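Student: One file is attached below, my_file_33.cif, containing mmCIF, C-alpha atoms.
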```
data_protein
#
loop_
_atom_site.label_atom_id
_atom_site.label_comp_id
_atom_site.auth_asym_id
_atom_site.auth_seq_id
_atom_site.Cartn_x
_atom_site.Cartn_y
_atom_site.Cartn_z
CA MET A 1 5.74 20.84 13.42
CA ALA A 2 3.75 17.65 13.45
CA LYS A 3 4.33 15.15 10.67
CA VAL A 4 1.55 12.81 9.62
CA ILE A 5 2.57 9.44 8.21
CA VAL A 6 0.19 6.89 6.73
CA VAL A 7 1.28 3.25 6.72
CA THR A 8 -0.57 1.66 3.83
CA SER A 9 -0.36 -1.16 1.28
CA GLY A 10 -3.64 -2.04 -0.39
CA LYS A 11 -3.06 -5.73 0.23
CA GLY A 12 -3.75 -7.22 3.65
CA GLY A 13 -1.30 -9.22 5.71
CA VAL A 14 1.89 -7.58 4.44
CA GLY A 15 2.82 -6.02 7.79
CA LYS A 16 1.12 -2.62 8.08
CA THR A 17 0.21 -2.97 11.76
CA THR A 18 3.56 -4.51 12.68
CA SER A 19 5.32 -1.69 10.84
CA THR A 20 3.14 1.02 12.41
CA ALA A 21 3.94 -0.26 15.89
CA ALA A 22 7.65 -0.74 15.14
CA LEU A 23 8.13 2.67 13.50
CA GLY A 24 6.03 4.39 16.15
CA ALA A 25 8.12 2.94 18.97
CA ALA A 26 11.32 3.73 17.06
CA LEU A 27 10.35 7.39 16.58
CA ALA A 28 9.20 7.69 20.20
CA GLN A 29 12.62 6.38 21.34
CA ARG A 30 14.11 9.49 19.71
CA ASN A 31 12.27 11.39 22.44
CA GLU A 32 9.74 12.74 19.98
CA LYS A 33 6.12 12.58 21.02
CA THR A 34 4.45 9.98 18.84
CA VAL A 35 0.91 8.67 18.45
CA VAL A 36 -0.08 5.59 16.48
CA VAL A 37 -3.66 5.76 15.20
CA ASP A 38 -5.64 2.65 14.22
CA PHE A 39 -7.95 3.36 11.24
CA ASP A 40 -9.09 -0.23 10.87
CA VAL A 41 -12.56 0.32 12.30
CA GLY A 42 -14.30 -2.99 12.84
CA LEU A 43 -11.10 -5.03 12.88
CA ARG A 44 -8.80 -3.21 15.26
CA ASN A 45 -5.51 -4.91 16.01
CA LEU A 46 -2.95 -2.23 16.67
CA ASP A 47 -3.96 -2.33 20.36
CA LEU A 48 -3.04 -6.02 20.47
CA VAL A 49 0.31 -5.61 18.73
CA MET A 50 1.11 -2.72 21.08
CA GLY A 51 0.09 -4.78 24.11
CA ALA A 52 -2.64 -2.32 25.15
CA GLU A 53 -5.73 -4.39 24.37
CA ARG A 54 -6.87 -4.49 27.99
CA ARG A 55 -6.57 -0.76 28.45
CA VAL A 56 -8.93 0.39 25.67
CA VAL A 57 -11.82 2.39 27.08
CA TYR A 58 -12.62 4.92 24.38
CA ASP A 59 -11.69 4.88 20.71
CA ILE A 60 -11.45 7.16 17.68
CA VAL A 61 -15.15 6.78 16.86
CA ASN A 62 -16.11 7.87 20.41
CA VAL A 63 -13.96 10.97 19.91
CA ILE A 64 -15.49 11.71 16.51
CA GLN A 65 -19.02 11.27 17.82
CA GLY A 66 -18.31 13.46 20.86
CA ASP A 67 -18.72 10.70 23.46
CA ALA A 68 -15.16 11.16 24.68
CA LYS A 69 -12.47 13.81 24.63
CA LEU A 70 -9.26 13.04 22.76
CA PRO A 71 -7.06 12.83 25.92
CA GLN A 72 -9.49 10.27 27.38
CA ALA A 73 -9.12 8.02 24.36
CA LEU A 74 -5.32 8.23 24.10
CA ILE A 75 -3.47 5.35 25.77
CA ARG A 76 0.05 6.05 26.96
CA ASP A 77 2.53 3.22 26.41
CA LYS A 78 3.76 1.59 29.64
CA ARG A 79 7.32 1.24 28.39
CA LEU A 80 7.81 4.58 26.62
CA ASP A 81 6.14 7.70 27.90
CA THR A 82 6.52 9.49 24.54
CA LEU A 83 4.40 6.83 22.79
CA PHE A 84 0.60 6.90 22.59
CA LEU A 85 -2.12 4.84 20.92
CA LEU A 86 -5.47 5.98 19.58
CA PRO A 87 -7.42 2.74 19.08
CA ALA A 88 -10.06 2.01 16.45
CA SER A 89 -13.54 0.95 17.47
CA GLN A 90 -15.01 -2.46 16.84
CA THR A 91 -18.30 -1.18 15.47
CA ARG A 92 -19.52 -2.76 12.28
CA ASP A 93 -20.88 0.57 11.08
CA LYS A 94 -18.72 1.46 8.09
CA ASP A 95 -19.81 5.09 8.20
CA ALA A 96 -18.60 5.59 11.78
CA LEU A 97 -15.55 7.40 10.42
CA THR A 98 -16.60 10.65 8.77
CA PRO A 99 -14.30 12.87 6.72
CA GLU A 100 -15.14 15.88 8.94
CA GLY A 101 -14.63 13.88 12.14
CA VAL A 102 -11.26 12.55 11.00
CA GLU A 103 -10.17 16.04 10.02
CA ARG A 104 -11.06 17.36 13.49
CA VAL A 105 -9.16 14.56 15.25
CA MET A 106 -6.10 15.04 13.04
CA THR A 107 -6.05 18.80 13.64
CA ASP A 108 -6.27 18.15 17.36
CA LEU A 109 -3.50 15.51 17.32
CA LYS A 110 -1.20 17.81 15.34
CA ARG A 111 -1.27 20.27 18.22
CA HIS A 112 0.03 17.71 20.69
CA PHE A 113 2.38 15.39 18.80
CA ASP A 114 5.56 15.41 16.71
CA TRP A 115 4.62 12.27 14.82
CA ILE A 116 1.16 10.95 13.94
CA ILE A 117 1.30 7.50 12.39
CA CYS A 118 -1.91 6.25 10.79
CA ASP A 119 -2.32 2.50 10.41
CA SER A 120 -4.47 2.03 7.31
CA PRO A 121 -6.87 -0.88 6.83
CA ALA A 122 -6.31 -3.09 3.79
CA GLY A 123 -8.23 -2.30 0.63
CA ILE A 124 -9.04 0.95 -1.14
CA GLU A 125 -12.33 1.74 0.58
CA ARG A 126 -13.34 4.52 2.95
CA GLY A 127 -11.11 3.51 5.88
CA ALA A 128 -8.02 3.39 3.68
CA THR A 129 -8.72 6.69 1.93
CA LEU A 130 -9.49 8.42 5.24
CA ALA A 131 -6.26 7.07 6.78
CA MET A 132 -4.20 8.61 3.97
CA ARG A 133 -6.29 11.77 3.61
CA HIS A 134 -4.21 14.09 5.85
CA ALA A 135 -0.80 12.47 5.45
CA ASP A 136 2.39 14.39 4.70
CA MET A 137 4.28 11.18 4.03
CA ALA A 138 3.30 7.63 3.14
CA VAL A 139 5.06 4.41 4.01
CA ILE A 140 4.00 1.82 1.44
CA VAL A 141 4.49 -1.62 2.94
CA THR A 142 5.22 -4.17 0.23
CA ASN A 143 6.19 -7.83 0.18
CA PRO A 144 8.46 -9.05 -2.63
CA GLU A 145 5.54 -10.86 -4.24
CA VAL A 146 3.40 -10.07 -7.32
CA SER A 147 0.01 -9.35 -5.74
CA SER A 148 1.49 -7.10 -3.08
CA VAL A 149 3.49 -5.10 -5.65
CA ARG A 150 0.42 -4.68 -7.85
CA ASP A 151 -1.71 -3.43 -4.94
CA SER A 152 1.03 -1.05 -3.84
CA ASP A 153 0.98 0.43 -7.32
CA ARG A 154 -2.76 1.09 -6.98
CA ILE A 155 -2.25 2.68 -3.57
CA ILE A 156 0.47 4.97 -4.97
CA GLY A 157 -2.09 6.14 -7.55
CA LEU A 158 -4.59 6.92 -4.77
CA LEU A 159 -1.96 8.77 -2.74
CA ASP A 160 -1.31 10.98 -5.75
CA SER A 161 -4.99 11.79 -6.24
CA LYS A 162 -7.07 11.40 -3.08
CA THR A 163 -4.99 13.09 -0.38
CA VAL A 164 -5.33 16.70 0.77
CA LYS A 165 -1.71 17.30 -0.31
CA ALA A 166 -2.35 15.97 -3.80
CA GLU A 167 -5.58 17.91 -4.19
CA SER A 168 -3.85 21.16 -3.28
CA GLY A 169 -1.15 20.51 -5.87
CA GLU A 170 1.55 19.50 -3.39
CA ARG A 171 3.51 16.27 -3.46
CA ILE A 172 3.02 13.63 -0.83
CA GLU A 173 6.32 12.06 0.20
CA LYS A 174 6.24 8.35 -0.62
CA HIS A 175 8.53 5.72 0.88
CA LEU A 176 8.75 2.05 0.09
CA LEU A 177 9.15 -0.33 3.03
CA LEU A 178 9.97 -3.80 1.78
CA THR A 179 8.95 -6.37 4.38
CA ARG A 180 9.38 -10.13 4.77
CA TYR A 181 12.45 -10.00 2.56
CA ASP A 182 14.56 -13.11 2.26
CA ALA A 183 17.95 -12.27 0.75
CA VAL A 184 18.85 -15.92 0.21
CA ARG A 185 15.69 -16.67 -1.80
CA ALA A 186 16.10 -13.46 -3.78
CA GLU A 187 19.70 -14.38 -4.57
CA ARG A 188 18.55 -17.83 -5.67
CA GLY A 189 16.13 -16.16 -8.11
CA ASP A 190 12.94 -17.29 -6.42
CA MET A 191 11.93 -13.95 -4.93
CA LEU A 192 11.75 -10.48 -6.44
CA LYS A 193 14.89 -8.56 -5.56
CA VAL A 194 14.97 -5.16 -3.90
CA GLU A 195 15.98 -3.53 -7.18
CA ASP A 196 13.15 -5.29 -9.07
CA VAL A 197 10.49 -3.87 -6.75
CA LEU A 198 12.16 -0.44 -6.78
CA GLU A 199 12.27 -0.38 -10.55
CA ILE A 200 8.62 -1.39 -10.90
CA LEU A 201 7.19 0.98 -8.28
CA SER A 202 9.79 3.75 -8.74
CA ILE A 203 9.51 5.31 -5.30
CA PRO A 204 12.42 5.74 -2.86
CA LEU A 205 13.26 2.94 -0.44
CA VAL A 206 13.04 3.65 3.29
CA GLY A 207 13.94 0.21 4.60
CA ILE A 208 14.22 -3.52 4.06
CA ILE A 209 12.79 -5.67 6.84
CA PRO A 210 13.95 -9.29 6.81
CA GLU A 211 11.57 -12.21 7.19
CA SER A 212 12.13 -13.14 10.81
CA THR A 213 10.67 -15.12 13.68
CA ASP A 214 11.37 -12.12 15.92
CA VAL A 215 8.38 -10.30 14.39
CA LEU A 216 5.91 -12.99 15.44
CA ARG A 217 7.60 -13.35 18.81
CA ALA A 218 7.18 -9.63 19.47
CA SER A 219 3.49 -9.62 18.53
CA ASN A 220 2.91 -12.71 20.68
CA VAL A 221 3.94 -10.73 23.75
CA GLY A 222 2.35 -7.47 22.63
CA ALA A 223 5.46 -5.42 22.06
CA PRO A 224 6.53 -3.44 18.99
CA VAL A 225 9.50 -5.34 17.55
CA THR A 226 11.69 -2.25 18.12
CA LEU A 227 10.97 -2.52 21.85
CA ALA A 228 10.87 -6.30 22.27
CA ASP A 229 14.45 -6.95 21.20
CA LYS A 230 16.28 -3.87 19.98
CA THR A 231 19.20 -5.90 18.65
CA SER A 232 17.19 -8.31 16.49
CA ALA A 233 17.54 -7.99 12.70
CA PRO A 234 14.02 -6.65 12.06
CA ALA A 235 14.31 -4.18 14.97
CA LEU A 236 17.60 -2.81 13.60
CA ALA A 237 16.02 -2.47 10.15
CA TYR A 238 12.97 -0.62 11.54
CA LEU A 239 15.17 1.66 13.70
CA ASP A 240 17.17 2.59 10.59
CA ALA A 241 13.96 3.17 8.60
CA ALA A 242 12.64 5.49 11.34
CA ARG A 243 15.87 7.51 11.23
CA ARG A 244 15.46 7.89 7.47
CA LEU A 245 11.85 9.04 7.92
CA ALA A 246 13.14 11.64 10.37
CA GLY A 247 15.43 12.93 7.64
CA GLU A 248 18.74 11.33 8.60
CA THR A 249 20.99 9.78 5.99
CA VAL A 250 21.56 6.15 6.91
CA PRO A 251 23.29 3.75 4.51
CA MET A 252 20.94 1.01 3.29
CA THR A 253 21.85 -2.56 4.15
CA ILE A 254 20.14 -5.67 2.89
CA PRO A 255 19.57 -7.78 6.02
CA GLY A 256 20.81 -11.34 5.77
CA GLU A 257 23.19 -10.68 2.89
CA LYS A 258 26.33 -10.92 4.99
CA ARG A 259 26.95 -14.57 4.26
CA GLY A 260 29.77 -16.83 5.23
CA LEU A 261 32.24 -18.31 2.78
CA PHE A 262 30.34 -21.57 2.51
CA SER A 263 26.99 -20.02 1.61
CA LYS A 264 28.72 -17.57 -0.72
CA ILE A 265 30.22 -20.35 -2.82
CA PHE A 266 27.20 -22.57 -2.53
CA GLY A 267 24.68 -19.76 -3.09
CA ARG A 268 26.45 -18.59 -6.25
CA ARG A 269 26.42 -22.03 -7.74
CA VAL A 270 22.69 -22.45 -7.12
CA ALA A 271 21.95 -19.05 -8.61
CA ALA A 272 23.99 -19.74 -11.76
CA MET B 273 20.06 -36.28 -13.56
CA SER B 274 17.67 -35.16 -10.85
CA LEU B 275 20.53 -33.43 -9.04
CA PHE B 276 21.51 -31.71 -12.29
CA SER B 277 17.97 -30.50 -12.91
CA PHE B 278 17.80 -29.23 -9.32
CA PHE B 279 20.77 -26.95 -9.95
CA ASN B 280 19.37 -25.83 -13.27
CA LYS B 281 15.83 -25.18 -12.12
CA LYS B 282 14.75 -21.98 -13.85
CA SER B 283 14.33 -19.15 -11.40
CA SER B 284 10.86 -17.66 -11.12
CA ALA B 285 11.61 -14.08 -10.01
CA PRO B 286 12.39 -12.80 -13.55
CA THR B 287 8.99 -14.10 -14.68
CA ALA B 288 7.29 -12.30 -11.79
CA ARG B 289 9.12 -9.11 -12.67
CA GLU B 290 8.18 -9.29 -16.36
CA ARG B 291 4.52 -10.08 -15.67
CA LEU B 292 4.27 -7.16 -13.26
CA GLN B 293 5.87 -4.73 -15.69
CA VAL B 294 3.43 -5.60 -18.47
CA LEU B 295 0.39 -5.62 -16.18
CA LEU B 296 1.17 -2.35 -14.44
CA ALA B 297 1.96 -0.50 -17.66
CA HIS B 298 -1.56 -1.42 -18.74
CA GLU B 299 -3.28 -0.75 -15.41
CA ARG B 300 -1.65 2.65 -14.93
CA SER B 301 -3.15 3.83 -18.20
CA THR B 302 -6.63 2.45 -17.61
CA VAL B 303 -7.34 3.03 -13.92
CA GLY B 304 -9.39 6.18 -13.57
CA HIS B 305 -10.77 6.06 -17.09
CA SER B 306 -11.34 2.36 -17.47
CA ASP B 307 -14.82 3.11 -18.77
CA LEU B 308 -13.44 5.02 -21.77
CA VAL B 309 -14.20 2.22 -24.22
CA ALA B 310 -17.72 1.78 -22.86
CA LYS B 311 -18.34 5.50 -23.12
CA LEU B 312 -17.03 5.74 -26.67
CA ARG B 313 -19.10 2.75 -27.70
CA GLU B 314 -22.23 4.28 -26.24
CA GLU B 315 -21.75 7.68 -27.86
CA ILE B 316 -20.73 6.36 -31.26
CA LEU B 317 -23.78 4.08 -31.24
CA ALA B 318 -26.04 6.97 -30.29
CA VAL B 319 -24.82 9.01 -33.25
CA ILE B 320 -25.33 6.15 -35.69
CA ALA B 321 -28.68 5.17 -34.21
CA LYS B 322 -29.92 8.64 -35.02
CA HIS B 323 -29.67 7.74 -38.70
CA VAL B 324 -30.12 4.02 -38.99
CA GLN B 325 -31.59 1.17 -36.97
CA ILE B 326 -28.78 -1.03 -35.67
CA ASP B 327 -28.65 -4.20 -33.63
CA ASN B 328 -26.70 -3.68 -30.39
CA ASP B 329 -25.37 -7.22 -30.55
CA LYS B 330 -23.85 -6.62 -33.96
CA VAL B 331 -21.48 -3.99 -32.67
CA ASN B 332 -17.89 -4.73 -31.78
CA VAL B 333 -15.59 -2.28 -30.10
CA LYS B 334 -11.95 -3.22 -29.67
CA MET B 335 -9.18 -1.30 -28.05
CA ASP B 336 -5.52 -2.09 -28.54
CA ARG B 337 -2.88 -0.40 -26.47
CA GLY B 338 0.44 -0.10 -28.18
CA GLU B 339 3.55 1.52 -26.77
CA LYS B 340 3.06 4.86 -28.51
CA VAL B 341 -0.47 4.77 -29.92
CA SER B 342 -3.71 3.04 -29.10
CA THR B 343 -6.28 2.07 -31.68
CA LEU B 344 -10.02 1.95 -31.32
CA GLU B 345 -11.76 -0.39 -33.71
CA VAL B 346 -15.51 -0.05 -34.17
CA ASP B 347 -17.16 -2.71 -36.24
CA ILE B 348 -20.88 -2.23 -36.90
CA GLU B 349 -23.02 -4.48 -39.03
CA ILE B 350 -25.66 -2.57 -40.96
CA PRO B 351 -28.14 -4.92 -42.66
CA LEU B 352 -29.14 -4.18 -46.25
CA ASN B 353 -32.73 -3.70 -45.26
CA ALA B 354 -31.95 -1.35 -42.37
CA ASP B 355 -34.48 1.33 -41.74
CA VAL B 356 -33.04 4.64 -42.67
CA LYS B 357 -34.60 7.24 -40.46
CA LYS B 358 -35.67 9.77 -43.07
CA ASP B 359 -37.12 12.24 -40.58
CA VAL B 360 -33.78 12.71 -38.87
CA LYS B 361 -32.04 13.00 -42.21
CA ALA B 362 -34.41 15.68 -43.26
CA ALA B 363 -34.07 17.59 -40.02
#
```
Have the structure of the file written as C-alpha cells, please.

Tutor:
Amino acid sequence: MAKVIVVTSGKGGVGKTTSTAALGAALAQRNEKTVVVDFDVGLRNLDLVMGAERRVVYDIVNVIQGDAKLPQALIRDKRLDTLFLLPASQTRDKDALTPEGVERVMTDLKRHFDWIICDSPAGIERGATLAMRHADMAVIVTNPEVSSVRDSDRIIGLLDSKTVKAESGERIEKHLLLTRYDAVRAERGDMLKVEDVLEILSIPLVGIIPESTDVLRASNVGAPVTLADKTSAPALAYLDAARRLAGETVPMTIPGEKRGLFSKIFGRRVAA
Amino acid sequence: MSLFSFFNKKSSAPTARERLQVLLAHERSTVGHSDLVAKLREEILAVIAKHVQIDNDKVNVKMDRGEKVSTLEVDIEIPLNADVKKDVKAA
C-alpha cells in the first residue's frame, strides 16, 4: 500500500528540498516505486535539485486543471528507473492548487507508487497545508537553531489538526530529521544538541544529517546526495533515515562524533 | 588573560534551549485561541456597557499564565458621574 510522506519545516532554507530528493532516491534504491512531488508552486526547485529542470513539460497544476494527464507530467529519473518527479508550476496564481485537485492527484498517485514524498513550501499557508493534507507520515526538517525549532513546533501543531488523518481521529506519524548538524560545535556548547531538540519537540528522531560540503556539491550537479556520492557522510545518514522510514530498526549514529584522540582531549577541555 | 577567557567563554546552547522551552510552553497554550483575551474583554465590556457608560480607553485586561493556573485581571474605571442606564436596569 502506498505511503504518503510530507517533508515540512515551517522555516525556509533548512533543507526540505534536499531532504526530499535524498530520501526519495534512497527509497527508490530499495526497488520501491517512488515519486517526489513539488508543492512549492511559484518557486519550484525540486526539479533543479533532481537534475530534471530541462525535462519539465507539464506540472502538477496542469494535471489539476486537466491540461495534462498524470503520466504525461511525471518525469522518470535518468539514473534510477523506480524514481519519478512531479514538478510544481511556476505560476504566480496562489489558488492554482485546489484542495479537490490535490486530492484527485494524490488518489491517482497512490494507485501507482509505493512511496509519495511531498516537498512542502516554507510557511504555514495554503501550499504547506495542502502538501501535508493527505500524508500518513511527516518528516519535520529542523536545524539545531532557535527559529527553526520554534517553526517546527508550529508545524507539528498543524500536522495534528489540519491533516485528513488528524481530522478523522487518527495519528499522523511524525519524524524529526535534524539537518546541518555539527557535532563539534554542539559538543563545544555553541549549538543545540540532538537531545535538546528532541526534548523540546518531543517527537521521535529519524536521522541526523551532518553539515557537509557534499550537500551543496550534489545540488550543484543536480543529483540527490544519496545518488551523487553514496559513501559521503550525509548520503549515509539519509540512507539510514530512509531505512527507518521504511520500518527497519537502524542504530542511530551522530555523524562526526567519532573523533581522534587529539580532538577528544582538546574538545573536552574547550567544553569544560 | 585573553587565552583564559577564550577557554571560559560561556556556551550559548543552554541559553537557546532555555529560551525555547519558555517560549514554546507559552505558544502551545495560546496558538489556536490567541484571541481569547480579546474576546473576553469584548464580552465583559458589553455586559457592563448595558448598565453604565464606560470609556473604552479606561479598561485594562491583563492575562498572566502561571504553571498551573492563569489569571485574568479586568480593571475598569467607572467615573463618579457615570450615566447609569436606568431603562436597562428597569427592564

Student: With all atoms listed in the file as the atoms that count, which of B:Ala318, B:Val331, B:Leu296, B:Ala288 lies nearest to Ile350 in chain B?

Tutor: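 Among the listed residues, B:Val331 lies closest to Ile350 in chain B.
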
Student: Dump as JSON, numbers by chain the residues of chain B that approach chain A to within 8 Å, counting all atoms listed in the file.

Tutor: {"B": [279, 280, 283, 284, 285, 286, 288, 289, 292, 293, 296]}

Student: Within 12 Å of Asp108 in chain A, counting all atoms listed in the file, which residues qualify if same-chain residues fewer than 5 places away don't, as a VMD selection string?

Tutor: chain A and resid 2 35 63 to 64 69 to 71 101 to 103 113 116

Student: Save out the residues we just selected, C-alpha atoms, as an mmCIF file, keeping the file's coordinate frame.

Tutor:
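Result written to part_13.cif:
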```
data_model
loop_
_atom_site.group_PDB
_atom_site.id
_atom_site.type_symbol
_atom_site.label_atom_id
_atom_site.label_comp_id
_atom_site.auth_asym_id
_atom_site.auth_seq_id
_atom_site.Cartn_x
_atom_site.Cartn_y
_atom_site.Cartn_z
ATOM 1 C CA ALA A 2 3.750 17.650 13.450
ATOM 2 C CA VAL A 35 0.910 8.670 18.450
ATOM 3 C CA VAL A 63 -13.960 10.970 19.910
ATOM 4 C CA ILE A 64 -15.490 11.710 16.510
ATOM 5 C CA LYS A 69 -12.470 13.810 24.630
ATOM 6 C CA LEU A 70 -9.260 13.040 22.760
ATOM 7 C CA PRO A 71 -7.060 12.830 25.920
ATOM 8 C CA GLY A 101 -14.630 13.880 12.140
ATOM 9 C CA VAL A 102 -11.260 12.550 11.000
ATOM 10 C CA GLU A 103 -10.170 16.040 10.020
ATOM 11 C CA PHE A 113 2.380 15.390 18.800
ATOM 12 C CA ILE A 116 1.160 10.950 13.940
#
```

Student: Please provide the set of residues having any atom within 12 Å of Gly247 in chain A, restricted to all atoms listed in the file, with same-chain residues fewer than 6 positions apart removed, written as a VMD selection string.

Tutor: chain A and resid 3 27 137 173 206 240 to 241

Student: So what do you get for CA of Leu352 in chain B versus CA of Leu312 in chain B, distance-wise?

Tutor: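 Distance reported for this atom pair: 25.1 Å.
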
Student: Can you tell me how far CA of Arg171 in chain A sits from CA of Trp115 in chain A, in Å to one decimal?

Tutor: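 Distance reported for this atom pair: 18.7 Å.
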
Student: If you apply the PyMOL selection byres ((chain A and resi 120) around 9) to this file, what residues do you get, as a VMD selection string?

Tutor: chain A and resid 6 to 10 16 to 17 37 to 40 118 to 119 121 to 123 127 to 132
